[in-house]
Structures are given as C-alpha cells and as structure tokens.
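Data block for data.cif (mmCIF, C-alpha atoms):
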data_my_file
loop_
_atom_site.group_PDB
_atom_site.id
_atom_site.type_symbol
_atom_site.label_atom_id
_atom_site.label_comp_id
_atom_site.auth_asym_id
_atom_site.auth_seq_id
_atom_site.Cartn_x
_atom_site.Cartn_y
_atom_site.Cartn_z
ATOM 1 C CA MET A 175 -132.677 6.879 -95.838
ATOM 2 C CA SER A 176 -133.169 6.639 -99.604
ATOM 3 C CA GLY A 177 -134.269 9.422 -101.936
ATOM 4 C CA PRO A 178 -135.628 9.285 -105.470
ATOM 5 C CA PHE A 179 -133.912 6.602 -107.561
ATOM 6 C CA LEU A 180 -132.581 8.848 -110.336
ATOM 7 C CA GLU A 181 -131.021 11.358 -107.948
ATOM 8 C CA GLU A 182 -129.112 8.642 -106.080
ATOM 9 C CA PHE A 183 -128.174 6.962 -109.370
ATOM 10 C CA ALA A 184 -126.763 10.284 -110.638
ATOM 11 C CA ALA A 185 -124.713 10.669 -107.448
ATOM 12 C CA GLY A 186 -123.175 7.198 -107.933
ATOM 13 C CA PHE A 187 -122.517 7.824 -111.632
ATOM 14 C CA THR A 188 -120.755 11.109 -110.841
ATOM 15 C CA ILE A 189 -118.599 9.487 -108.129
ATOM 16 C CA SER A 190 -117.233 6.946 -110.639
ATOM 17 C CA LEU A 191 -116.474 9.570 -113.297
ATOM 18 C CA VAL A 192 -114.845 11.947 -110.822
ATOM 19 C CA TRP A 193 -112.769 9.038 -109.470
ATOM 20 C CA LEU A 194 -111.570 8.297 -113.023
ATOM 21 C CA THR A 195 -110.604 11.947 -113.540
ATOM 22 C CA ILE A 196 -108.750 12.120 -110.214
ATOM 23 C CA HIS A 197 -106.864 8.930 -111.113
ATOM 24 C CA VAL A 198 -105.975 10.132 -114.622
ATOM 25 C CA LEU A 199 -104.834 13.569 -113.432
ATOM 26 C CA SER A 200 -102.879 12.320 -110.413
ATOM 27 C CA THR A 201 -101.022 9.633 -112.399
ATOM 28 C CA TYR A 202 -100.354 11.894 -115.416
ATOM 29 C CA ARG A 203 -97.041 11.272 -117.162
ATOM 30 C CA ARG A 204 -95.987 13.496 -120.014
ATOM 31 C CA GLY A 205 -95.770 11.460 -123.186
ATOM 32 C CA ASN A 206 -97.394 8.380 -121.646
ATOM 33 C CA THR A 207 -100.854 9.540 -120.575
ATOM 34 C CA SER A 208 -103.263 10.114 -123.428
ATOM 35 C CA VAL A 209 -104.226 13.802 -123.666
ATOM 36 C CA ARG A 210 -107.522 12.684 -125.196
ATOM 37 C CA LEU A 211 -108.242 10.543 -122.109
ATOM 38 C CA VAL A 212 -107.488 13.477 -119.780
ATOM 39 C CA SER A 213 -109.748 15.802 -121.783
ATOM 40 C CA ILE A 214 -112.694 13.420 -122.132
ATOM 41 C CA SER A 215 -112.634 12.294 -118.486
ATOM 42 C CA ALA A 216 -112.356 15.909 -117.240
ATOM 43 C CA ILE A 217 -115.187 17.116 -119.491
ATOM 44 C CA SER A 218 -117.488 14.198 -118.590
ATOM 45 C CA SER A 219 -116.806 14.732 -114.867
ATOM 46 C CA ALA A 220 -117.502 18.444 -115.172
ATOM 47 C CA VAL A 221 -120.803 17.741 -116.960
ATOM 48 C CA ALA A 222 -121.786 15.105 -114.370
ATOM 49 C CA LEU A 223 -120.943 17.488 -111.490
ATOM 50 C CA TYR A 224 -122.895 20.292 -113.185
ATOM 51 C CA LEU A 225 -125.947 18.042 -113.555
ATOM 52 C CA LEU A 226 -125.560 16.945 -109.930
ATOM 53 C CA THR A 227 -125.881 20.552 -108.748
ATOM 54 C CA SER A 228 -129.591 20.393 -109.665
ATOM 55 C CA VAL A 229 -130.040 17.420 -107.274
ATOM 56 C CA PRO A 230 -131.055 18.482 -103.732
ATOM 57 C CA HIS A 231 -128.160 18.459 -101.245
ATOM 58 C CA GLU A 232 -130.173 16.255 -98.840
ATOM 59 C CA SER A 233 -130.627 13.600 -101.506
ATOM 60 C CA VAL A 234 -126.869 13.425 -102.273
ATOM 61 C CA SER A 235 -126.067 13.355 -98.555
ATOM 62 C CA SER A 236 -128.649 10.600 -97.959
ATOM 63 C CA SER A 237 -127.303 8.448 -100.789
ATOM 64 C CA LEU A 238 -123.721 8.838 -99.503
ATOM 65 C CA LYS A 239 -124.853 7.698 -96.048
ATOM 66 C CA SER A 240 -126.577 4.687 -97.652
ATOM 67 C CA LEU A 241 -123.333 3.869 -99.468
ATOM 68 C CA ILE A 242 -121.291 4.139 -96.256
ATOM 69 C CA TYR A 243 -123.792 1.847 -94.518
ATOM 70 C CA PHE A 244 -123.633 -0.673 -97.381
ATOM 71 C CA LEU A 245 -119.817 -0.724 -97.198
ATOM 72 C CA ALA A 246 -120.107 -2.261 -93.701
ATOM 73 C CA LEU A 247 -120.369 -5.587 -95.576
ATOM 74 C CA THR A 248 -116.715 -5.224 -96.670
ATOM 75 C CA PRO A 249 -115.142 -7.006 -93.637
ATOM 76 C CA LEU A 250 -117.371 -10.024 -94.294
ATOM 77 C CA VAL A 251 -116.290 -10.095 -97.942
ATOM 78 C CA ALA A 252 -112.620 -9.879 -96.883
ATOM 79 C CA ILE A 253 -112.806 -12.892 -94.532
ATOM 80 C CA PRO A 254 -112.601 -15.711 -97.151
ATOM 81 C CA PHE A 255 -109.495 -14.104 -98.702
ATOM 82 C CA LEU A 256 -107.805 -13.637 -95.309
ATOM 83 C CA LEU A 257 -108.690 -17.226 -94.300
ATOM 84 C CA ARG A 258 -107.142 -18.522 -97.509
ATOM 85 C CA ILE A 259 -103.944 -16.528 -96.876
ATOM 86 C CA THR A 260 -103.829 -17.735 -93.249
ATOM 87 C CA VAL A 261 -104.088 -21.448 -94.097
ATOM 88 C CA SER A 262 -101.800 -21.165 -97.134
ATOM 89 C CA HIS A 263 -98.548 -23.146 -96.773
ATOM 90 C CA SER A 264 -96.805 -21.706 -99.817
ATOM 91 C CA ASN A 265 -94.086 -19.106 -99.452
ATOM 92 C CA GLU A 266 -94.035 -17.341 -102.794
ATOM 93 C CA PHE A 267 -90.940 -15.269 -101.982
ATOM 94 C CA ASP A 268 -88.797 -17.928 -100.300
ATOM 95 C CA PRO A 269 -85.309 -17.663 -101.949
ATOM 96 C CA ILE A 270 -84.801 -21.454 -101.799
ATOM 97 C CA ALA A 271 -88.175 -22.100 -103.436
ATOM 98 C CA LEU A 272 -87.369 -19.496 -106.087
ATOM 99 C CA GLN A 273 -83.959 -21.089 -106.703
ATOM 100 C CA GLU A 274 -85.550 -24.530 -107.101
ATOM 101 C CA ALA A 275 -88.175 -23.152 -109.477
ATOM 102 C CA ASP A 276 -85.407 -21.432 -111.445
ATOM 103 C CA SER A 277 -83.360 -24.640 -111.768
ATOM 104 C CA VAL A 278 -86.460 -26.575 -112.891
ATOM 105 C CA SER A 279 -87.189 -23.999 -115.597
ATOM 106 C CA ASP A 280 -83.507 -24.080 -116.693
ATOM 107 C CA SER A 281 -83.556 -27.867 -117.052
ATOM 108 C CA GLU A 282 -86.661 -27.648 -119.226
ATOM 109 C CA MET W 36 -112.340 25.265 -93.266
ATOM 110 C CA ASP W 37 -115.899 23.940 -92.735
ATOM 111 C CA ALA W 38 -116.500 20.218 -92.179
ATOM 112 C CA PRO W 39 -118.121 19.292 -95.548
ATOM 113 C CA PHE W 40 -115.333 21.025 -97.507
ATOM 114 C CA ALA W 41 -112.660 19.304 -95.391
ATOM 115 C CA ARG W 42 -114.346 15.908 -95.916
ATOM 116 C CA VAL W 43 -114.494 16.350 -99.704
ATOM 117 C CA ALA W 44 -110.855 17.533 -99.805
ATOM 118 C CA GLY W 45 -109.835 14.577 -97.613
ATOM 119 C CA ALA W 46 -111.725 12.095 -99.810
ATOM 120 C CA ILE W 47 -110.005 13.487 -102.930
ATOM 121 C CA LEU W 48 -106.594 13.161 -101.239
ATOM 122 C CA LEU W 49 -107.396 9.556 -100.267
ATOM 123 C CA LEU W 50 -108.270 8.732 -103.895
ATOM 124 C CA VAL W 51 -105.049 10.431 -105.054
ATOM 125 C CA SER W 52 -103.050 8.404 -102.518
ATOM 126 C CA ILE W 53 -104.540 5.138 -103.856
ATOM 127 C CA SER W 54 -103.556 6.122 -107.408
ATOM 128 C CA TRP W 55 -100.028 7.176 -106.368
ATOM 129 C CA ASN W 56 -99.568 3.987 -104.358
ATOM 130 C CA ARG W 57 -100.465 1.937 -107.444
ATOM 131 C CA MET W 58 -97.774 3.742 -109.516
ATOM 132 C CA GLY W 59 -95.057 1.643 -107.892
ATOM 133 C CA PRO W 60 -91.633 2.450 -106.350
ATOM 134 C CA SER W 61 -90.152 3.609 -109.682
ATOM 135 C CA ASP W 62 -92.183 6.836 -109.479
ATOM 136 C CA SER W 63 -91.361 9.534 -106.907
ATOM 137 C CA ARG W 64 -95.092 10.075 -106.274
ATOM 138 C CA TYR W 65 -95.273 6.554 -104.759
ATOM 139 C CA ARG W 66 -93.252 7.764 -101.744
ATOM 140 C CA MET W 67 -95.757 10.539 -101.054
ATOM 141 C CA ALA W 68 -98.811 8.236 -101.138
ATOM 142 C CA LEU W 69 -98.745 7.393 -97.417
ATOM 143 C CA VAL W 70 -98.321 11.055 -96.419
ATOM 144 C CA ILE W 71 -101.205 12.116 -98.655
ATOM 145 C CA ALA W 72 -103.367 9.286 -97.256
ATOM 146 C CA THR W 73 -102.644 10.428 -93.684
ATOM 147 C CA VAL W 74 -103.548 14.042 -94.498
ATOM 148 C CA GLY W 75 -106.700 12.787 -96.228
ATOM 149 C CA ILE W 76 -107.784 10.730 -93.206
ATOM 150 C CA VAL W 77 -107.136 13.685 -90.866
ATOM 151 C CA LEU W 78 -109.223 15.972 -93.081
ATOM 152 C CA VAL W 79 -112.100 13.449 -93.350
ATOM 153 C CA ILE W 80 -112.462 12.599 -89.649
ATOM 154 C CA GLY W 81 -110.555 15.487 -88.025
ATOM 155 C CA PRO W 82 -113.467 17.957 -87.703
ATOM 156 C CA ASP W 83 -115.515 15.345 -85.780
ATOM 157 C CA ILE W 84 -112.701 13.765 -83.746
ATOM 158 C CA LEU W 85 -111.464 17.155 -82.488
ATOM 159 C CA SER W 86 -114.593 17.575 -80.322
ATOM 160 C CA PRO W 87 -114.947 14.152 -78.588
ATOM 161 C CA SER W 88 -117.584 15.188 -76.015
ATOM 162 C CA ASP W 89 -119.848 16.585 -78.707
ATOM 163 C CA LEU W 90 -119.194 13.472 -80.813
ATOM 164 C CA TYR W 91 -120.409 11.124 -78.045
ATOM 165 C CA ASP W 92 -123.673 13.067 -77.770
ATOM 166 C CA ARG W 93 -124.109 12.889 -81.530
ATOM 167 C CA PHE W 94 -123.313 9.122 -81.536
ATOM 168 C CA SER W 95 -125.958 8.376 -78.919
ATOM 169 C CA GLY W 96 -128.554 10.853 -80.241
ATOM 170 C CA ASP W 97 -131.825 9.812 -81.865
ATOM 171 C CA ASP W 98 -130.827 11.200 -85.258
ATOM 172 C CA ALA W 99 -127.301 9.707 -85.275
ATOM 173 C CA SER W 100 -128.025 7.711 -88.441
ATOM 174 C CA GLN W 101 -128.733 11.002 -90.262
ATOM 175 C CA ASP W 102 -125.494 12.658 -89.096
ATOM 176 C CA MET W 103 -122.845 12.469 -91.842
ATOM 177 C CA GLY W 104 -120.009 13.083 -89.353
ATOM 178 C CA VAL W 105 -121.132 10.155 -87.180
ATOM 179 C CA ALA W 106 -121.509 7.886 -90.240
ATOM 180 C CA ILE W 107 -117.986 8.779 -91.421
ATOM 181 C CA VAL W 108 -116.363 8.249 -87.995
ATOM 182 C CA HIS W 109 -118.145 4.872 -87.675
ATOM 183 C CA PHE W 110 -116.978 3.918 -91.185
ATOM 184 C CA ALA W 111 -113.400 5.116 -90.548
ATOM 185 C CA THR W 112 -113.205 3.122 -87.289
ATOM 186 C CA TRP W 113 -114.015 -0.268 -88.791
ATOM 187 C CA ALA W 114 -112.168 0.486 -92.053
ATOM 188 C CA LEU W 115 -108.899 1.318 -90.221
ATOM 189 C CA LEU W 116 -109.285 -1.761 -87.990
ATOM 190 C CA LEU W 117 -109.844 -3.893 -91.093
ATOM 191 C CA ALA W 118 -106.877 -2.341 -92.930
ATOM 192 C CA PHE W 119 -104.416 -2.852 -90.040
ATOM 193 C CA GLY W 120 -105.876 -6.294 -89.235
ATOM 194 C CA SER W 121 -105.567 -7.456 -92.846
ATOM 195 C CA MET W 122 -102.025 -6.087 -93.082
ATOM 196 C CA LEU W 123 -100.945 -7.943 -89.924
ATOM 197 C CA THR W 124 -102.720 -11.143 -91.025
ATOM 198 C CA ILE W 125 -100.937 -11.105 -94.384
ATOM 199 C CA ARG W 126 -97.556 -10.279 -92.801
ATOM 200 C CA GLY W 127 -98.017 -12.963 -90.136
ATOM 201 C CA SER W 128 -98.923 -15.671 -92.632
ATOM 202 C CA ARG W 129 -96.418 -17.817 -94.513
ATOM 203 C CA VAL W 130 -97.007 -16.117 -97.858
ATOM 204 C CA TYR W 131 -94.352 -13.398 -97.373
ATOM 205 C CA GLY W 132 -91.867 -15.204 -95.113
ATOM 206 C CA ALA W 133 -91.792 -17.215 -91.896
ATOM 207 C CA ILE W 134 -95.111 -17.620 -90.099
ATOM 208 C CA SER W 135 -95.587 -15.402 -87.023
ATOM 209 C CA PRO W 136 -98.396 -16.654 -84.743
ATOM 210 C CA THR W 137 -98.417 -13.470 -82.629
ATOM 211 C CA THR W 138 -98.775 -11.170 -85.650
ATOM 212 C CA LEU W 139 -101.362 -13.495 -87.194
ATOM 213 C CA PHE W 140 -103.392 -13.637 -83.963
ATOM 214 C CA THR W 141 -103.265 -9.832 -83.503
ATOM 215 C CA GLY W 142 -104.340 -9.357 -87.103
ATOM 216 C CA TRP W 143 -107.338 -11.661 -86.745
ATOM 217 C CA ILE W 144 -108.370 -9.978 -83.466
ATOM 218 C CA LEU W 145 -108.413 -6.615 -85.269
ATOM 219 C CA VAL W 146 -110.387 -8.096 -88.210
ATOM 220 C CA ILE W 147 -112.976 -9.634 -85.863
ATOM 221 C CA PHE W 148 -113.178 -6.364 -83.948
ATOM 222 C CA SER W 149 -113.711 -4.561 -87.262
ATOM 223 C CA ILE W 150 -116.627 -6.891 -88.102
ATOM 224 C CA SER W 151 -118.118 -6.264 -84.651
ATOM 225 C CA VAL W 152 -117.936 -2.486 -85.082
ATOM 226 C CA ALA W 153 -119.280 -2.615 -88.639
ATOM 227 C CA MET W 154 -122.104 -5.118 -88.131
ATOM 228 C CA VAL W 155 -123.151 -5.012 -84.469
ATOM 229 C CA PHE W 156 -122.339 -1.560 -83.145
ATOM 230 C CA ARG W 157 -124.589 1.042 -84.713
ATOM 231 C CA PRO W 158 -124.736 4.758 -83.850
ATOM 232 C CA GLY W 159 -128.055 5.951 -82.442
ATOM 233 C CA ALA W 160 -130.238 5.799 -79.384
ATOM 234 C CA ASN W 161 -129.543 2.027 -79.112
ATOM 235 C CA LEU W 162 -125.797 2.577 -78.982
ATOM 236 C CA LEU W 163 -125.178 -0.074 -76.329
ATOM 237 C CA ASP W 164 -127.973 -2.450 -77.328
ATOM 238 C CA PRO W 165 -126.349 -5.050 -79.597
ATOM 239 C CA VAL W 166 -129.666 -6.673 -80.549
ATOM 240 C CA ARG W 167 -131.188 -3.422 -81.809
ATOM 241 C CA GLY W 168 -127.945 -2.332 -83.377
ATOM 242 C CA VAL W 169 -127.376 -5.394 -85.582
ATOM 243 C CA PHE W 170 -126.680 -4.669 -89.256
ATOM 244 C CA SER W 171 -129.834 -4.790 -91.359
ATOM 245 C CA ILE W 172 -129.542 -6.122 -94.902
ATOM 246 C CA TRP W 173 -132.719 -4.222 -95.849
ATOM 247 C CA ASP W 174 -131.170 -0.912 -94.796
ATOM 248 C CA ALA W 175 -128.031 -1.809 -96.736
ATOM 249 C CA LEU W 176 -130.139 -2.504 -99.840
ATOM 250 C CA SER W 177 -131.318 1.120 -99.760
ATOM 251 C CA ALA W 178 -127.913 1.860 -101.308
ATOM 252 C CA ALA W 179 -128.912 -0.030 -104.489
ATOM 253 C CA PRO W 180 -129.504 3.116 -106.627
ATOM 254 C CA ILE W 181 -126.110 4.669 -105.836
ATOM 255 C CA ILE W 182 -124.364 1.295 -106.300
ATOM 256 C CA LEU W 183 -126.075 0.881 -109.709
ATOM 257 C CA GLY W 184 -125.022 4.453 -110.553
ATOM 258 C CA MET W 185 -121.419 3.708 -109.605
ATOM 259 C CA ILE W 186 -121.420 0.505 -111.696
ATOM 260 C CA SER W 187 -122.836 2.446 -114.670
ATOM 261 C CA GLY W 188 -120.210 5.157 -114.128
ATOM 262 C CA LEU W 189 -117.511 2.479 -114.020
ATOM 263 C CA ILE W 190 -118.757 1.054 -117.349
ATOM 264 C CA ALA W 191 -118.686 4.583 -118.815
ATOM 265 C CA ALA W 192 -115.142 5.075 -117.439
ATOM 266 C CA VAL W 193 -113.956 1.813 -119.045
ATOM 267 C CA ALA W 194 -115.587 2.889 -122.334
ATOM 268 C CA ILE W 195 -113.790 6.293 -122.167
ATOM 269 C CA VAL W 196 -110.422 4.608 -121.513
ATOM 270 C CA ALA W 197 -110.961 2.020 -124.285
ATOM 271 C CA TRP W 198 -112.054 4.684 -126.771
ATOM 272 C CA SER W 199 -109.086 6.947 -126.025
ATOM 273 C CA GLU W 200 -106.655 4.013 -126.351
ATOM 274 C CA TYR W 201 -108.081 2.690 -129.630
ATOM 275 C CA SER W 202 -108.416 6.122 -131.219
ATOM 276 C CA GLU W 203 -104.738 7.065 -130.785
ATOM 277 C CA PRO W 204 -101.926 5.694 -132.987
ATOM 278 C CA PRO W 205 -99.837 3.004 -131.234
ATOM 279 C CA LEU W 206 -96.579 4.150 -129.625
ATOM 280 C CA PRO W 207 -93.292 3.020 -131.243
ATOM 281 C CA PRO W 208 -91.605 0.000 -129.597
ATOM 282 C CA THR W 209 -89.626 0.864 -126.465
ATOM 283 C CA PRO W 210 -85.839 0.682 -127.067
ATOM 284 C CA GLY W 211 -84.018 -2.097 -125.202
ATOM 285 C CA LEU W 212 -82.020 -1.492 -122.009
ATOM 286 C CA ASP W 213 -78.410 -0.380 -122.372
ATOM 287 C CA ASP W 214 -75.628 -2.092 -120.360
ATOM 288 C CA ASP W 215 -75.838 0.312 -117.387
ATOM 289 C CA GLU W 216 -79.610 -0.073 -117.143
ATOM 290 C CA ARG W 217 -79.333 -3.861 -117.426
ATOM 291 C CA MET W 218 -76.793 -3.976 -114.577
ATOM 292 C CA TYR W 219 -78.979 -1.688 -112.458
ATOM 293 C CA VAL W 220 -82.066 -3.904 -112.936
ATOM 294 C CA ARG W 221 -79.991 -7.009 -112.214
ATOM 295 C CA LYS W 222 -78.690 -5.469 -108.971
ATOM 296 C CA ILE W 223 -82.231 -4.575 -107.806
ATOM 297 C CA VAL W 224 -83.535 -8.072 -108.551
ATOM 298 C CA GLU W 225 -80.576 -9.723 -106.803
ATOM 299 C CA ASP W 226 -80.967 -7.467 -103.751
ATOM 300 C CA HIS W 227 -84.639 -8.382 -103.487
ATOM 301 C CA LEU W 228 -83.874 -12.092 -103.792
ATOM 302 C CA GLY W 229 -81.411 -11.890 -100.916
ATOM 303 C CA GLY W 230 -78.261 -12.471 -102.960
ATOM 304 C CA VAL W 231 -79.515 -15.579 -104.808
ATOM 305 C CA ASN W 232 -77.568 -16.065 -108.082
#
Let me see the file written as structure tokens.
Amino acid sequence: MSGPFLEEFAAGFTISLVWLTIHVLSTYRRGNTSVRLVSISAISSAVALYLLTSVPHESVSSSLKSLIYFLALTPLVAIPFLLRITVSHSNEFDPIALQEADSVSDSE
Amino acid sequence: MDAPFARVAGAILLLVSISWNRMGPSDSRYRMALVIATVGIVLVIGPDILSPSDLYDRFSGDDASQDMGVAIVHFATWALLLAFGSMLTIRGSRVYGAISPTTLFTGWILVIFSISVAMVFRPGANLLDPVRGVFSIWDALSAAPIILGMISGLIAAVAIVAWSEYSEPPLPPTPGLDDDERMYVRKIVEDHLGGVN
C-alpha cells in the first residue's frame, strides 16, 4: 500500500499547502485579506504541485488510499466528545440560565 | 468528465464549503456552503454510485483495496453516517435545548453504525467476513509518511500566515457602531435570546 517515503511525504505536504490556498482564495475579502498572504500561498502551492508532477501517479494514488484508510479511526476519536455532550447536564443557551448569569454579573 | 477529474473537483468544492461555512452568517457565501458541499459530494462519489452493479463487483473483487473509487465510497459511507449521527446526538442532548431521547438514540445508532462500517466492514474478497475485515492498525500506520507530510505542510502554512501578518502594517482601529448599527445588533441578539431583556 505504501510507496517511497519522500513521495508520500511530498503528497501530504502539497495537500496542506493547496488546502491553505483554497481557504485563502475562497474566503478573500477586499481590504481584509492580505494580498501578500494570497500571493505567497498561491506561489508555494504552485511550486509544490509542480514538484509533485515528477512523483509517479501510482505513488500519489497509493498514499491517498493510505490516508483514507487511516481516517477510519475518526469515529473512534469522536466518541469521547459525543459521550461528554450526551452526559452533559448544562444548557448553555437556556434563556433562564443566561438571565441568571447576566444578573449575577450585574451585581458584581 | 472522467472520474479522477470529478473527484478532484468535488474535493476542492468540499474544502471551499468548509471555508465558506466558517465565515459565519454575516457573509453571503455562508448560505452557499451547504449547496457547494452537496455538489462536491455528488462529484466525489457520483461516478461510482451511478453504476451500482459494477460497484458491487468492484467492492467484492480481490483488488478492491487498490480501487480508489471503492475506497472513496467506503470512506463517504462512514463519514456521512458519522456526520449525521454526531449532528443528531448534539441536537438531542441538553446542550442546545431540551433533551430528546429519540433524537439522541437515533444519533448514537448512526455513530455506532459508522464505526462498524469504518472498522469492521472492509472492501475486498472478504466482504462479508467480519473477522478478516477488521481494521488493522498496521495497515493504518502505512499512512505515516503522508500524515507527516501534511503536518509539515500545516507548519509551513502557519509560518506563511504568521509571516504575512507580521510583515504588514497594522490596520487602523475599526470605528465604533453608529446608532442604527447598534440597534440592529441589539435586535439580533434579543431575537436569538428569545426576547430576554
């Protein structure tokens, strides 16, 4: 399932940089998003993708399948968080609880 | 559109939908996030789902673990079950309102089913043999190089963001809200608190 270490490492590295570029471009706001950030992330992604073209297609495909297989651990990781939410007795958005918290903060 | 191109396009749309969803209701792109996510999911699994008879043969074939389409459909199945299960579990719990045992129970059933699909069911010749199909931690560890690459890429991404923020002059302070804006914000907050004053 696994190919040479560096080829799979390069695939992972490129995924993260491309993800950053997609995020920066898709959330772009004129005047708020740094033009320097857009430029640097786009250039670094382009370079990473260019370098990845020299990696055999089979190796990239194999590493993606390994990643998908590894992600099968996600439901197990999610269980403690869901258990905690299930047994939780607090209601963070209860208007009465919010009103009480507000009156306590006012009295302080 | 060939399958690999559709999968890449779908994956990009899914990443865009995550980013748009995180922008919050104040941005118009937030409302499009769910639509974009749906299109992305259709593009990622559509080419394989559209031919179910062929898909079953590929699922039960000897080289199923090497078939990207099979791996993606397997991943999408447990991921969607986990997403809906988690959503129902959170909605059914007391955190966001009154507890709903039915919603909570349905959510947990979906989560447990998701674990079963992810860990026990495994495409291949041993499709219906749960003992042979059990998740192998050693196979999962074969993803170590790509995981290390992604972590390194994440560190590089954080460095790029930090550098671009520190190298630009700070923005001037944001002007305060005028009376109309203040009333508008107050109305939104009051509406969300159910009329609490």
Between W:Ile195, W:Leu206, W:Ser187, W:Ile84, single out the one closest to Ser213 in chain A, counting all atoms listed in the file.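 Checking each of W:Ile195, W:Leu206, W:Ser187, W:Ile84 against Ser213 in chain A, counting all atoms listed in the file, the winner is W:Ile195.
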Residue by residue, what does the PyMOL selection byres ((chain W and resi 149) around 7) grab here? Present the result as an mmCIF file with C-alpha atoms, in the coordinates of the input.
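Dumped to result-v2.cif:
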data_model
loop_
_atom_site.group_PDB
_atom_site.id
_atom_site.type_symbol
_atom_site.label_atom_id
_atom_site.label_comp_id
_atom_site.auth_asym_id
_atom_site.auth_seq_id
_atom_site.Cartn_x
_atom_site.Cartn_y
_atom_site.Cartn_z
ATOM 1 C CA PRO A 249 -115.142 -7.006 -93.637
ATOM 2 C CA TRP W 113 -114.015 -0.268 -88.791
ATOM 3 C CA LEU W 116 -109.285 -1.761 -87.990
ATOM 4 C CA LEU W 117 -109.844 -3.893 -91.093
ATOM 5 C CA LEU W 145 -108.413 -6.615 -85.269
ATOM 6 C CA VAL W 146 -110.387 -8.096 -88.210
ATOM 7 C CA ILE W 147 -112.976 -9.634 -85.863
ATOM 8 C CA PHE W 148 -113.178 -6.364 -83.948
ATOM 9 C CA ILE W 150 -116.627 -6.891 -88.102
ATOM 10 C CA SER W 151 -118.118 -6.264 -84.651
ATOM 11 C CA VAL W 152 -117.936 -2.486 -85.082
ATOM 12 C CA ALA W 153 -119.280 -2.615 -88.639
#
Counting all atoms listed in the file, which residues come within 10 Å of (-114.2, 18.1, -88.2), with the point read in the file's coordinates, and could you list them as a list of chain:residue names?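 Looking at atoms near the point gives W:Met36, W:Asp37, W:Ala38, W:Pro39, W:Phe40, W:Ala41, W:Arg42, W:Val77, W:Leu78, W:Val79, W:Ile80, W:Gly81, W:Pro82, W:Asp83, W:Ile84, W:Leu85, W:Ser86, W:Gly104.
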Please evaluate the PyMOL selection byres ((chain W) within 6 of (chain A)) against the structure above and give the resulting residues as a CSV table (one decimal) with C-alpha atoms, in the coordinates of the input.
chain,number,residue,atom,x,y,z
W,54,SER,CA,-103.6,6.1,-107.4
W,128,SER,CA,-98.9,-15.7,-92.6
W,129,ARG,CA,-96.4,-17.8,-94.5
W,130,VAL,CA,-97.0,-16.1,-97.9
W,150,ILE,CA,-116.6,-6.9,-88.1
W,153,ALA,CA,-119.3,-2.6,-88.6
W,175,ALA,CA,-128.0,-1.8,-96.7
W,177,SER,CA,-131.3,1.1,-99.8
W,178,ALA,CA,-127.9,1.9,-101.3
W,180,PRO,CA,-129.5,3.1,-106.6
W,181,ILE,CA,-126.1,4.7,-105.8
W,184,GLY,CA,-125.0,4.5,-110.6
W,185,MET,CA,-121.4,3.7,-109.6
W,188,GLY,CA,-120.2,5.2,-114.1
W,189,LEU,CA,-117.5,2.5,-114.0
W,199,SER,CA,-109.1,6.9,-126.0
Length of the CA of Val51 in chain W to CA of Ala72 in chain W vector [Å]: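 Interatomic distance, CA of Val51 in chain W to CA of Ala72 in chain W: 8.1 Å.
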